[in-house]
$ cat final02.tsv   # TSV, C-alpha atoms and all ligand atoms
chain	number	residue	atom	x	y	z
A	1	MET	CA	15.33	-24.57	21.48
A	2	THR	CA	12.31	-23.38	23.48
A	3	ASP	CA	8.88	-23.82	21.95
A	4	LYS	CA	8.19	-20.15	22.55
A	5	TYR	CA	8.81	-17.60	19.80
A	6	ASP	CA	10.49	-14.27	20.40
A	7	ALA	CA	8.04	-12.83	17.89
A	8	ILE	CA	5.07	-14.03	15.89
A	9	VAL	CA	4.28	-11.84	12.89
A	10	ILE	CA	0.74	-12.34	11.64
A	11	GLY	CA	0.48	-11.46	7.94
A	12	GLY	CA	3.06	-12.05	5.23
A	13	GLY	CA	2.53	-8.89	3.21
A	14	PHE	CA	5.26	-6.33	2.59
A	15	TYR	CA	4.97	-5.05	6.16
A	16	GLY	CA	4.94	-8.43	7.91
A	17	ALA	CA	7.93	-9.65	5.90
A	18	GLU	CA	9.94	-6.46	6.41
A	19	ILE	CA	9.13	-6.27	10.13
A	20	ALA	CA	10.22	-9.89	10.62
A	21	LEU	CA	13.55	-9.09	8.93
A	22	GLU	CA	13.99	-5.96	11.01
A	23	LEU	CA	13.37	-7.92	14.22
A	24	ARG	CA	16.07	-10.43	13.25
A	25	ARG	CA	18.48	-7.55	12.57
A	26	MET	CA	17.64	-6.20	16.01
A	27	GLY	CA	18.62	-9.48	17.63
A	28	PHE	CA	15.31	-11.32	17.97
A	29	GLY	CA	16.05	-15.04	17.88
A	30	ARG	CA	13.05	-17.10	16.88
A	31	VAL	CA	10.73	-15.20	14.55
A	32	VAL	CA	7.87	-16.69	12.55
A	33	VAL	CA	5.64	-15.15	9.87
A	34	ILE	CA	2.19	-16.71	9.59
A	35	GLU	CA	0.41	-16.05	6.31
A	36	ARG	CA	-3.02	-17.20	5.26
A	37	GLU	CA	-2.26	-17.26	1.53
A	38	GLN	CA	0.04	-19.79	-0.15
A	39	GLY	CA	2.71	-17.14	-0.80
A	40	ILE	CA	3.88	-13.78	0.52
A	41	LEU	CA	2.74	-10.38	-0.82
A	42	ARG	CA	-0.38	-11.81	-2.44
A	43	ARG	CA	-2.95	-9.38	-1.02
A	44	SER	CA	-2.81	-5.58	-0.83
A	45	SER	CA	0.97	-5.62	-1.30
A	46	TYR	CA	0.22	-6.93	-4.82
A	47	VAL	CA	-3.23	-5.51	-5.54
A	48	ASN	CA	-2.45	-1.81	-5.45
A	49	GLN	CA	-1.49	0.95	-7.84
A	50	ALA	CA	2.23	0.22	-7.50
A	51	ARG	CA	3.00	3.89	-7.06
A	52	VAL	CA	6.15	4.81	-5.16
A	53	HIS	CA	4.69	7.99	-3.75
A	54	ASN	CA	6.78	11.14	-3.91
A	55	GLY	CA	4.37	13.56	-2.28
A	56	TYR	CA	2.34	14.82	-5.26
A	57	HIS	CA	-0.79	12.95	-4.26
A	58	TYR	CA	-1.22	14.79	-1.00
A	59	PRO	CA	-1.71	18.54	-1.52
A	60	ARG	CA	-4.18	18.48	1.39
A	61	SER	CA	-1.89	16.61	3.76
A	62	LEU	CA	1.50	18.28	4.01
A	63	GLY	CA	2.68	15.79	6.64
A	64	THR	CA	2.13	12.79	4.35
A	65	ALA	CA	3.60	14.68	1.38
A	66	GLU	CA	6.77	15.52	3.26
A	67	ARG	CA	7.23	11.98	4.62
A	68	SER	CA	6.72	10.61	1.10
A	69	ARG	CA	9.42	12.93	-0.20
A	70	ILE	CA	11.86	11.68	2.40
A	71	ASN	CA	11.00	8.00	1.95
A	72	PHE	CA	10.85	8.08	-1.87
A	73	GLU	CA	14.57	8.44	-2.54
A	74	ALA	CA	15.41	5.85	0.13
A	75	PHE	CA	12.92	3.35	-1.33
A	76	VAL	CA	14.08	3.86	-4.91
A	77	ALA	CA	17.70	3.28	-3.88
A	78	ASP	CA	17.11	0.37	-1.49
A	79	TYR	CA	14.67	-1.51	-3.71
A	80	ALA	CA	16.20	-0.47	-7.06
A	81	PRO	CA	15.82	-3.87	-8.80
A	82	ALA	CA	12.09	-3.87	-7.99
A	83	VAL	CA	11.45	-0.32	-9.26
A	84	LEU	CA	10.52	0.65	-12.81
A	85	HIS	CA	12.94	3.50	-13.37
A	86	GLU	CA	11.99	4.49	-16.91
A	87	MET	CA	8.63	6.10	-16.42
A	88	GLU	CA	7.15	9.48	-17.28
A	89	ALA	CA	4.90	10.53	-14.40
A	90	ILE	CA	2.30	13.12	-15.36
A	91	TYR	CA	0.03	14.92	-12.91
A	92	ALA	CA	-2.77	16.73	-14.73
A	93	ILE	CA	-4.97	19.24	-12.97
A	94	ALA	CA	-8.57	18.82	-14.05
A	95	ALA	CA	-10.76	21.79	-14.84
A	96	GLY	CA	-12.82	22.01	-11.65
A	97	SER	CA	-10.12	20.39	-9.48
A	98	ARG	CA	-10.02	21.05	-5.73
A	99	VAL	CA	-6.53	22.51	-6.28
A	100	SER	CA	-5.67	24.85	-9.12
A	101	ALA	CA	-2.60	24.39	-11.32
A	102	ALA	CA	-0.96	27.39	-9.63
A	103	GLN	CA	-1.66	25.94	-6.17
A	104	PHE	CA	-0.25	22.57	-7.25
A	105	GLU	CA	2.95	24.18	-8.52
A	106	THR	CA	3.33	26.13	-5.28
A	107	PHE	CA	2.72	22.97	-3.29
A	108	CYS	CA	5.43	21.13	-5.28
A	109	ARG	CA	7.83	23.99	-4.59
A	110	VAL	CA	7.05	23.83	-0.86
A	111	ILE	CA	7.78	20.10	-0.68
A	112	GLY	CA	10.75	20.44	-3.04
A	113	ALA	CA	9.35	18.09	-5.70
A	114	THR	CA	10.15	18.38	-9.42
A	115	CYS	CA	7.26	19.85	-11.42
A	116	ARG	CA	7.62	21.08	-15.01
A	117	PRO	CA	5.15	21.60	-17.84
A	118	ALA	CA	4.44	18.27	-19.53
A	119	PRO	CA	5.82	17.74	-23.06
A	120	SER	CA	3.46	18.82	-25.85
A	121	ARG	CA	3.18	15.17	-27.02
A	122	ILE	CA	1.55	14.38	-23.64
A	123	ARG	CA	-0.63	17.50	-23.51
A	124	ALA	CA	-2.03	16.62	-26.93
A	125	LEU	CA	-3.42	13.38	-25.48
A	126	PHE	CA	-6.00	15.21	-23.35
A	127	GLU	CA	-9.43	16.22	-24.58
A	128	PRO	CA	-9.34	20.03	-25.00
A	129	GLY	CA	-10.90	21.90	-22.08
A	130	MET	CA	-10.82	18.98	-19.66
A	131	ILE	CA	-7.62	19.89	-17.85
A	132	GLU	CA	-6.18	23.18	-16.71
A	133	GLU	CA	-2.54	22.08	-16.88
A	134	ALA	CA	-0.37	18.96	-17.10
A	135	PHE	CA	2.95	18.60	-15.29
A	136	LEU	CA	5.89	16.28	-15.69
A	137	THR	CA	6.86	15.06	-12.24
A	138	ARG	CA	9.13	12.42	-10.74
A	139	GLU	CA	7.31	9.38	-9.50
A	140	LEU	CA	7.92	5.68	-10.16
A	141	ALA	CA	6.23	2.30	-9.98
A	142	PHE	CA	7.28	-0.80	-8.06
A	143	ASP	CA	7.08	-4.43	-9.10
A	144	ALA	CA	5.35	-6.39	-6.32
A	145	SER	CA	6.45	-9.76	-7.73
A	146	ARG	CA	10.09	-8.74	-7.59
A	147	LEU	CA	9.61	-7.41	-4.07
A	148	ALA	CA	8.09	-10.75	-3.06
A	149	ALA	CA	10.92	-12.79	-4.60
A	150	ARG	CA	13.52	-10.66	-2.91
A	151	LEU	CA	11.80	-10.79	0.48
A	152	LEU	CA	11.41	-14.56	0.25
A	153	ARG	CA	15.19	-14.92	-0.23
A	154	GLN	CA	15.89	-12.51	2.61
A	155	LEU	CA	13.53	-14.30	5.01
A	156	GLU	CA	15.22	-17.58	4.23
A	157	ASN	CA	18.73	-16.15	4.66
A	158	ALA	CA	17.71	-14.53	7.95
A	159	ARG	CA	16.23	-17.85	9.11
A	160	VAL	CA	12.78	-16.42	9.70
A	161	GLU	CA	10.25	-19.27	9.82
A	162	LEU	CA	7.51	-18.88	7.25
A	163	ARG	CA	4.24	-20.72	7.64
A	164	LEU	CA	2.09	-20.31	4.55
A	165	GLY	CA	-1.53	-21.29	4.11
A	166	GLN	CA	-2.22	-20.90	7.84
A	167	THR	CA	-4.60	-18.54	9.59
A	168	ALA	CA	-3.63	-17.11	12.97
A	169	ARG	CA	-5.84	-15.79	15.72
A	170	ILE	CA	-4.70	-14.22	18.96
A	171	ALA	CA	-6.22	-16.37	21.72
A	172	ASP	CA	-5.17	-14.48	24.87
A	173	TRP	CA	-2.24	-12.85	26.62
A	174	ASP	CA	-0.84	-12.02	30.04
A	175	ASP	CA	2.09	-9.89	31.16
A	176	ARG	CA	4.63	-12.53	30.03
A	177	GLU	CA	3.43	-13.76	26.63
A	178	VAL	CA	0.81	-13.84	23.92
A	179	ARG	CA	-0.86	-17.07	22.82
A	180	VAL	CA	-1.83	-17.45	19.17
A	181	GLN	CA	-4.02	-20.16	17.71
A	182	VAL	CA	-2.64	-21.42	14.41
A	183	GLY	CA	-4.66	-24.32	13.11
A	184	ASP	CA	-4.87	-26.81	15.95
A	185	ARG	CA	-1.69	-25.55	17.65
A	186	LEU	CA	-1.46	-22.87	20.32
A	187	GLU	CA	1.79	-20.98	19.76
A	188	ARG	CA	3.38	-18.73	22.39
A	189	ALA	CA	5.42	-15.60	21.79
A	190	ALA	CA	6.99	-12.80	23.79
A	191	GLN	CA	5.62	-10.33	21.25
A	192	VAL	CA	3.10	-10.38	18.43
A	193	PHE	CA	3.07	-8.10	15.40
A	194	ASN	CA	-0.33	-7.80	13.78
A	195	CYS	CA	0.37	-6.93	10.12
A	196	THR	CA	-2.89	-8.06	8.59
A	197	TYR	CA	-3.89	-4.73	6.93
A	198	ALA	CA	-7.62	-5.00	6.15
A	199	ASP	CA	-7.99	-7.71	8.80
A	200	LEU	CA	-6.27	-5.72	11.53
A	201	GLU	CA	-9.43	-5.64	13.65
A	202	PHE	CA	-10.27	-9.32	13.18
A	203	VAL	CA	-7.32	-11.29	14.53
A	204	GLY	CA	-8.09	-10.87	18.22
A	205	ALA	CA	-5.93	-7.82	18.96
A	206	PRO	CA	-7.83	-4.92	20.51
A	207	LEU	CA	-7.52	-1.90	18.18
A	208	MET	CA	-8.30	1.61	19.40
A	209	THR	CA	-7.98	3.42	16.06
A	210	GLY	CA	-11.00	3.55	13.75
A	211	LEU	CA	-10.44	2.06	10.29
A	212	LYS	CA	-12.48	2.35	7.16
A	213	ARG	CA	-12.44	-0.65	4.83
A	214	GLU	CA	-13.45	-0.28	1.25
A	215	MET	CA	-13.61	-2.84	-1.54
A	216	ALA	CA	-11.48	-1.41	-4.36
A	217	GLU	CA	-11.46	-2.36	-8.04
A	218	MET	CA	-8.67	-1.57	-10.45
A	219	LEU	CA	-8.57	-2.52	-14.10
A	220	LEU	CA	-5.45	-4.05	-15.57
A	221	ILE	CA	-5.17	-2.85	-19.14
A	222	GLU	CA	-2.88	-3.13	-22.12
A	223	PRO	CA	-2.27	0.59	-22.58
A	224	PRO	CA	-2.60	2.28	-25.96
A	225	PRO	CA	0.81	2.92	-27.59
A	226	ASP	CA	0.78	6.60	-26.52
A	227	LEU	CA	0.63	5.63	-22.85
A	228	ARG	CA	3.38	2.99	-22.76
A	229	GLY	CA	5.81	3.89	-19.99
A	230	VAL	CA	3.61	6.84	-18.99
A	231	GLY	CA	1.68	7.28	-15.76
A	232	ILE	CA	-1.12	9.83	-15.76
A	233	THR	CA	-2.89	11.01	-12.62
A	234	VAL	CA	-5.71	13.53	-12.93
A	235	MET	CA	-6.11	15.63	-9.79
A	236	ASP	CA	-7.81	16.60	-7.47
A	237	GLY	CA	-11.30	15.24	-7.11
A	238	PRO	CA	-13.41	12.47	-8.68
A	239	PHE	CA	-10.93	11.69	-11.45
A	240	PHE	CA	-8.66	8.80	-12.43
A	241	SER	CA	-5.19	7.47	-12.71
A	242	THR	CA	-3.46	5.05	-15.08
A	243	MET	CA	0.11	3.93	-14.61
A	244	PRO	CA	2.45	1.02	-15.21
A	245	PHE	CA	1.75	-2.11	-13.15
A	246	PRO	CA	5.14	-3.77	-13.55
A	247	ALA	CA	4.26	-7.07	-11.84
A	248	ALA	CA	1.92	-7.93	-14.74
A	249	GLY	CA	3.59	-5.93	-17.52
A	250	LEU	CA	0.33	-3.96	-17.85
A	251	HIS	CA	-1.14	-0.65	-16.69
A	252	SER	CA	-3.56	-0.17	-13.85
A	253	LEU	CA	-6.57	2.08	-14.30
A	254	SER	CA	-8.36	3.31	-11.21
A	255	HIS	CA	-10.96	5.96	-10.60
A	256	VAL	CA	-11.71	8.01	-7.49
A	257	SER	CA	-15.48	7.52	-7.88
A	258	PHE	CA	-15.72	4.01	-9.34
A	259	THR	CA	-12.76	2.12	-7.88
A	260	PRO	CA	-14.31	2.18	-4.39
A	261	HIS	CA	-17.24	-0.19	-4.00
A	262	GLU	CA	-19.01	-0.75	-0.71
A	263	SER	CA	-17.26	0.31	2.50
A	264	ALA	CA	-17.48	-1.05	6.02
A	265	THR	CA	-16.27	-0.47	9.56
A	266	ALA	CA	-15.29	-3.02	12.21
A	267	LYS	CA	-18.83	-3.67	13.36
A	268	ASP	CA	-19.73	-4.97	9.88
A	269	GLY	CA	-17.17	-7.78	10.29
A	270	PRO	CA	-14.60	-9.12	7.81
A	271	GLY	CA	-15.28	-10.93	4.56
A	272	MET	CA	-16.18	-8.29	1.98
A	273	GLN	CA	-16.67	-9.66	-1.52
A	274	PRO	CA	-16.97	-7.65	-4.74
A	275	ARG	CA	-20.57	-7.85	-5.94
A	276	ARG	CA	-20.15	-6.41	-9.41
A	277	SER	CA	-17.60	-4.74	-11.68
A	278	ASN	CA	-17.44	-0.99	-12.33
A	279	ARG	CA	-15.30	-1.60	-15.38
A	280	ASP	CA	-17.51	0.25	-17.86
A	281	ALA	CA	-17.90	3.31	-15.64
A	282	ILE	CA	-14.14	3.48	-14.96
A	283	LEU	CA	-13.35	3.30	-18.67
A	284	ARG	CA	-16.09	5.65	-19.81
A	285	ASP	CA	-15.26	8.45	-17.41
A	286	SER	CA	-11.49	8.20	-17.93
A	287	GLN	CA	-11.92	8.37	-21.71
A	288	ARG	CA	-13.61	11.75	-21.37
A	289	PHE	CA	-10.18	13.08	-20.39
A	290	LEU	CA	-7.91	10.76	-22.36
A	291	PRO	CA	-9.66	9.64	-25.57
A	292	CYS	CA	-6.77	7.31	-26.43
A	293	LEU	CA	-7.96	5.04	-23.61
A	294	SER	CA	-10.61	3.81	-26.02
A	295	GLN	CA	-7.77	1.81	-27.62
A	296	ALA	CA	-6.85	0.22	-24.30
A	297	ARG	CA	-7.52	-3.50	-23.99
A	298	VAL	CA	-8.95	-4.42	-20.62
A	299	ARG	CA	-7.48	-7.71	-19.38
A	300	HIS	CA	-9.35	-8.02	-16.09
A	301	SER	CA	-10.22	-6.34	-12.80
A	302	ILE	CA	-8.33	-6.90	-9.58
A	303	PHE	CA	-10.07	-6.37	-6.26
A	304	GLU	CA	-8.77	-5.76	-2.76
A	305	VAL	CA	-10.09	-4.32	0.47
A	306	LYS	CA	-8.40	-0.98	1.11
A	307	ALA	CA	-7.96	0.05	4.73
A	308	THR	CA	-7.56	3.68	5.71
A	309	LEU	CA	-7.74	5.66	8.93
A	310	ILE	CA	-11.14	7.25	9.52
A	311	ARG	CA	-9.41	10.34	10.88
A	312	ASN	CA	-7.73	10.94	7.49
A	313	GLU	CA	-10.91	10.78	5.42
A	314	ASP	CA	-10.98	14.50	4.71
A	315	ASP	CA	-7.33	15.26	4.09
A	316	ASP	CA	-6.45	11.96	2.30
A	317	GLY	CA	-3.34	11.64	4.47
A	318	ARG	CA	-1.72	8.21	4.57
A	319	PRO	CA	0.44	8.13	7.71
A	320	ILE	CA	1.65	4.90	9.21
A	321	LEU	CA	-0.47	3.47	12.01
A	322	ILE	CA	1.54	1.82	14.76
A	323	GLU	CA	-0.63	1.02	17.73
A	324	ARG	CA	0.20	-0.62	21.01
A	325	ASN	CA	-2.94	-0.94	23.08
A	326	PRO	CA	-2.17	-0.44	26.80
A	327	ALA	CA	-4.50	-3.37	27.52
A	328	ALA	CA	-2.27	-5.65	25.42
A	329	PRO	CA	1.25	-4.19	25.53
A	330	ARG	CA	2.89	-7.23	23.91
A	331	ILE	CA	0.89	-6.80	20.71
A	332	LEU	CA	1.81	-4.20	18.10
A	333	SER	CA	-0.63	-3.50	15.26
A	334	VAL	CA	0.75	-1.92	12.10
A	335	LEU	CA	-1.16	-0.50	9.13
A	336	GLY	CA	1.32	0.47	6.44
A	337	ALA	CA	-1.06	2.73	4.46
A	338	LYS	CA	1.50	2.96	1.64
A	339	ILE	CA	4.60	1.03	0.77
A	340	ASP	CA	7.24	3.69	1.46
A	341	ASN	CA	6.04	4.10	5.06
A	342	ILE	CA	8.20	1.05	5.84
A	343	TYR	CA	10.95	3.45	6.90
A	344	ASP	CA	8.66	4.94	9.55
A	345	VAL	CA	8.01	1.49	11.04
A	346	ARG	CA	11.69	0.62	11.08
A	347	ALA	CA	12.49	3.91	12.83
A	348	TYR	CA	9.76	3.22	15.37
A	349	LEU	CA	10.98	-0.31	16.14
A	350	ARG	CA	14.53	0.85	16.65
A	351	ALA	CA	13.50	3.82	18.78
A	352	GLN	CA	11.53	1.52	21.06
A	353	GLU	CA	14.67	-0.57	21.55
A	354	LEU	CA	12.46	-3.60	21.56
A	355	SER	CA	14.23	-6.68	22.64
A	356	ALA	CA	13.27	-10.29	22.53
A	357	ALA	CA	13.96	-10.62	26.23
A	358	ALA	CA	11.62	-7.74	27.11
B	1	LIG	C1	-6.50	-0.46	-4.16
B	1	LIG	C2	-5.23	-0.09	-3.43
B	1	LIG	C3	-4.33	0.78	-4.02
B	1	LIG	C4	-3.16	1.13	-3.34
B	1	LIG	N1	-2.22	1.88	-3.99
B	1	LIG	C5	-1.02	2.07	-3.41
B	1	LIG	C6	0.05	2.70	-4.13
B	1	LIG	O1	-0.07	3.03	-5.30
B	1	LIG	N2	1.22	2.91	-3.47
B	1	LIG	C7	1.42	2.52	-2.17
B	1	LIG	O2	2.51	2.74	-1.63
B	1	LIG	N3	0.43	1.90	-1.48
B	1	LIG	C8	-0.76	1.66	-2.07
B	1	LIG	N4	-1.73	0.99	-1.39
B	1	LIG	C9	-1.48	0.61	0.00
B	1	LIG	C10	-0.53	-0.59	0.08
B	1	LIG	O3	-1.00	-1.60	-0.77
B	1	LIG	C11	-0.48	-1.09	1.50
B	1	LIG	O4	-0.04	-0.06	2.35
B	1	LIG	C12	0.49	-2.20	1.73
B	1	LIG	O5	0.49	-3.14	0.71
B	1	LIG	C13	0.15	-2.87	3.04
B	1	LIG	O6	0.99	-3.98	3.23
B	1	LIG	P1	0.64	-4.98	4.36
B	1	LIG	O7	1.74	-5.95	4.44
B	1	LIG	O8	0.29	-4.24	5.60
B	1	LIG	O9	-0.74	-5.66	3.88
B	1	LIG	P2	-1.02	-6.96	2.96
B	1	LIG	O10	-0.08	-7.05	1.83
B	1	LIG	O11	-2.47	-6.97	2.67
B	1	LIG	O12	-0.66	-8.13	3.93
B	1	LIG	C14	-1.50	-8.56	4.99
B	1	LIG	C15	-1.45	-10.06	4.98
B	1	LIG	O13	-2.09	-10.56	6.13
B	1	LIG	C16	-2.66	-11.82	5.77
B	1	LIG	N5	-3.64	-12.15	6.80
B	1	LIG	C17	-4.77	-11.48	7.13
B	1	LIG	N6	-5.37	-12.06	8.19
B	1	LIG	C18	-4.59	-13.12	8.53
B	1	LIG	C19	-4.67	-14.10	9.56
B	1	LIG	N7	-5.66	-14.12	10.46
B	1	LIG	N8	-3.71	-15.07	9.62
B	1	LIG	C20	-2.69	-15.09	8.72
B	1	LIG	N9	-2.55	-14.17	7.73
B	1	LIG	C21	-3.49	-13.20	7.65
B	1	LIG	C22	-3.25	-11.55	4.39
B	1	LIG	O14	-3.44	-12.74	3.68
B	1	LIG	C23	-2.18	-10.65	3.78
B	1	LIG	O15	-1.25	-11.36	2.98
B	1	LIG	C24	-2.90	0.62	-2.04
B	1	LIG	C25	-3.82	-0.26	-1.45
B	1	LIG	C26	-4.95	-0.65	-2.14
B	1	LIG	C27	-5.86	-1.67	-1.52

$ encode --input "final02.tsv" --output "structure tokens"
Amino acid sequence: MTDKYDAIVIGGGFYGAEIALELRRMGFGRVVVIEREQGILRRSSYVNQARVHNGYHYPRSLGTAERSRINFEAFVADYAPAVLHEMEAIYAIAAGSRVSAAQFETFCRVIGATCRPAPSRIRALFEPGMIEEAFLTRELAFDASRLAARLLRQLENARVELRLGQTARIADWDDREVRVQVGDRLERAAQVFNCTYADLEFVGAPLMTGLKREMAEMLLIEPPPDLRGVGITVMDGPFFSTMPFPAAGLHSLSHVSFTPHESATAKDGPGMQPRRSNRDAILRDSQRFLPCLSQARVRHSIFEVKATLIRNEDDDGRPILIERNPAAPRILSVLGAKIDNIYDVRAYLRAQELSAAA
């Protein structure tokens, strides 16, 4: 065995793990995943809303909505044991929303997504006058712990090396290989996949695309009885969302205005830490719409740095970012943006006909 890897994947989140598996399926021989945490899927692949997007979130970005529609059914089938299938997904249009109820219905028709009036039991939960309309839709939640367990088994079966608790940094590269510093060892690989999400700009790979990083806070709550098995998203503006968080058997509660804390760009450097909790503001504002949230029991907040593309700030689009900088053609940087975009990465890898020998 040579001491050179066919591929080094930096980052053992959902994307790093899935990309490593895909490379093995494509015939790559020696593949290693290097992950800073002591386990896989511990960062944004765990700390997120757990929504398997089906398009509804993106009335201002038809491209993202349509891709979500395509990827949703595939994800729900392929990852069935890690998906919460019994869930009522409600999208409520706030009075004063950026889209009206009629526009939302038209949008759902255009993207071919189910959208019916919500049952009266659900409508009765809202404070009168706060929403224009509530719709029953089809959206589900995933269980990040189950995804992690499944990926761990798959990585082992596919004989992907997994190095946990180790931080990688790209040292340099030439036209034959990339050298990566991992602890006190300098590893060599034909190709490197930078799957570090919020750290994408800080592992030594030159990135051309501008990213915005934002510290995000979500509450994990024991939902009131009326909200068990129900996800409610209030659109479209500075509103909130609460939905099952299967990995903890709780609900998440996030708010467009109060979930984001400070934001930063590359020049500010890595290492954002939450300075305070917005828990009271998140709860207070959400209760204005859904009074039953006053019976919710807040367990704790979870924080993560959210990375988005600066160019999508206005339309809220969440396309995949796959970047190969011409100055470093053996390094591919991937920002998943949302979990179902995995199919777009797989399609890209196969279309490139990457090979370990390349
Ligand atoms: C608040 C929030 C809510 C979200 N809600 C949703 C949602 O509802 N639905 C949805 O589909 N998506 C959602 N997303 C987006 C989704 O979480 C991400 O698209 C997805 O998890 C990205 O996976 P990843 O593997 O790229 O990143 P991560 O899971 O963050 O993995 C990156 C890994 O790289 C490791 N790492 C970083 N630097 C190094 C280094 N130098 N050396 C070694 N390891 C390193 C980190 O420890 C981490 O484990 C949300 C994101 C956030 C933050």

$ axis_aligned_box --input "final02.tsv" --around "ligand LIG 1 (chain B)" --padding-each-side "3 Å" --output "AutoDock Vina command-line options"
--center_x -2.0 --center_y -6.0 --center_z 2.6 --size_x 15.0 --size_y 24.1 --size_z 21.8

$ closest_residue --input "final02.tsv" --among "A:Leu155, A:Ala101, A:Val234, A:Ala248" --to "Ile19 in chain A" --atoms "only C-alpha atoms"
A:Leu155

$ residues_near_ligand --input "final02.tsv" --ligand "ligand LIG 1 (chain B)" --cutoff "7 Å" --atoms "only C-alpha atoms and all ligand atoms" --output "MDAnalysis selection string"
chainID A and resid 10:16 34:37 40:53 166:169 195:199 203 216:218 304:307 334:340

$ residues_around --input "final02.tsv" --residues "Pro326 in chain A" --least-positions-apart "2" --cutoff "12 Å" --atoms "only C-alpha atoms" --output "list in words"
Asp175, Ala205, Pro206, Leu207, Met208, Glu323, Arg324, Ala328, Pro329, Arg330, Ile331 and Leu332 of chain A

$ residues_around --input "final02.tsv" --residues "Leu147 in chain A" --least-positions-apart "5" --cutoff "9 Å" --atoms "all atoms listed in the file" --output "ChimeraX atom specification"
/A:14,41,79,81-83,142,152

$ closest_residue --input "final02.tsv" --among "A:Leu162, A:Arg69, A:Met130, A:Thr64" --to "Gly39 in chain A" --atoms "only C-alpha atoms"
A:Leu162

$ residues_around --input "final02.tsv" --residues "Asp172 in chain A" --least-positions-apart "6" --cutoff "10 Å" --atoms "all atoms listed in the file" --output "list in words"
Val178, Arg179, Val180, Gln181, Arg188, Gly204, Ala205 and Ala328 of chain A

$ residues_around --input "final02.tsv" --residues "range 283-300 of chain A" --least-positions-apart "3" --cutoff "8 Å" --atoms "all atoms listed in the file" --output "list in words"
Leu125, Phe126, Glu127, Met130, Ile131, Leu219, Leu220, Ile221, Glu222, Pro223, Pro224, Asp226, Phe239, Phe240, His255, Arg279 and Asp280 of chain A

$ closest_residue --input "final02.tsv" --among "A:Arg30, A:Leu186, A:Val99, A:Arg346" --to "Glu161 in chain A" --atoms "all atoms listed in the file"
A:Arg30

$ residues_around --input "final02.tsv" --residues "Gly229 in chain A" --least-positions-apart "3" --cutoff "7 Å" --atoms "only C-alpha atoms" --output "count of residues only"
4

$ closest_residue --input "final02.tsv" --among "A:Ile122, A:Ala190, A:Leu84, A:Val182" --to "Ala141 in chain A" --atoms "all atoms listed in the file"
A:Leu84

$ atom_distance --input "final02.tsv" --atom1 "CA of Asp174 in chain A" --atom2 "CA of Ser333 in chain A"
17.1 Å

$ atom_distance --input "final02.tsv" --atom1 "CA of Pro260 in chain A" --atom2 "CA of Ser68 in chain A"
23.3 Å

$ closest_residue --input "final02.tsv" --among "A:Ile310, A:Ile232, A:Gly55, A:Ala80" --to "Arg146 in chain A" --atoms "all atoms listed in the file"
A:Ala80

$ residues_near_point --input "final02.tsv" --point "(3.7, 13.0, 4.7)" --cutoff "10 Å" --atoms "all atoms listed in the file" --output "mmCIF file with C-alpha atoms, in the coordinates of the input"
data_model
loop_
_atom_site.group_PDB
_atom_site.id
_atom_site.type_symbol
_atom_site.label_atom_id
_atom_site.label_comp_id
_atom_site.auth_asym_id
_atom_site.auth_seq_id
_atom_site.Cartn_x
_atom_site.Cartn_y
_atom_site.Cartn_z
ATOM 1 C CA HIS A 53 4.690 7.990 -3.750
ATOM 2 C CA ASN A 54 6.780 11.140 -3.910
ATOM 3 C CA GLY A 55 4.370 13.560 -2.280
ATOM 4 C CA TYR A 58 -1.220 14.790 -1.000
ATOM 5 C CA PRO A 59 -1.710 18.540 -1.520
ATOM 6 C CA SER A 61 -1.890 16.610 3.760
ATOM 7 C CA LEU A 62 1.500 18.280 4.010
ATOM 8 C CA GLY A 63 2.680 15.790 6.640
ATOM 9 C CA THR A 64 2.130 12.790 4.350
ATOM 10 C CA ALA A 65 3.600 14.680 1.380
ATOM 11 C CA GLU A 66 6.770 15.520 3.260
ATOM 12 C CA ARG A 67 7.230 11.980 4.620
ATOM 13 C CA SER A 68 6.720 10.610 1.100
ATOM 14 C CA ARG A 69 9.420 12.930 -0.200
ATOM 15 C CA ILE A 70 11.860 11.680 2.400
ATOM 16 C CA ASN A 71 11.000 8.000 1.950
ATOM 17 C CA ILE A 111 7.780 20.100 -0.680
ATOM 18 C CA GLY A 317 -3.340 11.640 4.470
ATOM 19 C CA ARG A 318 -1.720 8.210 4.570
ATOM 20 C CA PRO A 319 0.440 8.130 7.710
ATOM 21 C CA ILE A 320 1.650 4.900 9.210
ATOM 22 C CA ASN A 341 6.040 4.100 5.060
#

$ atom_distance --input "final02.tsv" --atom1 "CA of Cys115 in chain A" --atom2 "CA of His85 in chain A"
17.4 Å

$ decode --input "final02.tsv" --residues "range 170-174 of chain A" --atoms "N, CA and C atoms" --output "compact mmCIF listing (two decimals), in the first residue's frame"
# COMPACT_ATOMS: atom_id res chain seq x y z
N ILE A 170 -4.81 22.20 4.87
CA ILE A 170 -4.12 22.01 3.60
C ILE A 170 -2.82 22.81 3.64
N ALA A 171 -1.70 22.11 3.45
CA ALA A 171 -0.38 22.77 3.57
C ALA A 171 0.01 23.39 2.22
N ASP A 172 0.02 22.57 1.18
CA ASP A 172 0.34 23.08 -0.16
C ASP A 172 -0.04 22.04 -1.20
N TRP A 173 0.17 22.36 -2.45
CA TRP A 173 -0.19 21.44 -3.53
C TRP A 173 0.65 21.76 -4.76
N ASP A 174 0.75 20.76 -5.66
CA ASP A 174 1.35 21.01 -6.97
C ASP A 174 0.48 20.31 -7.99
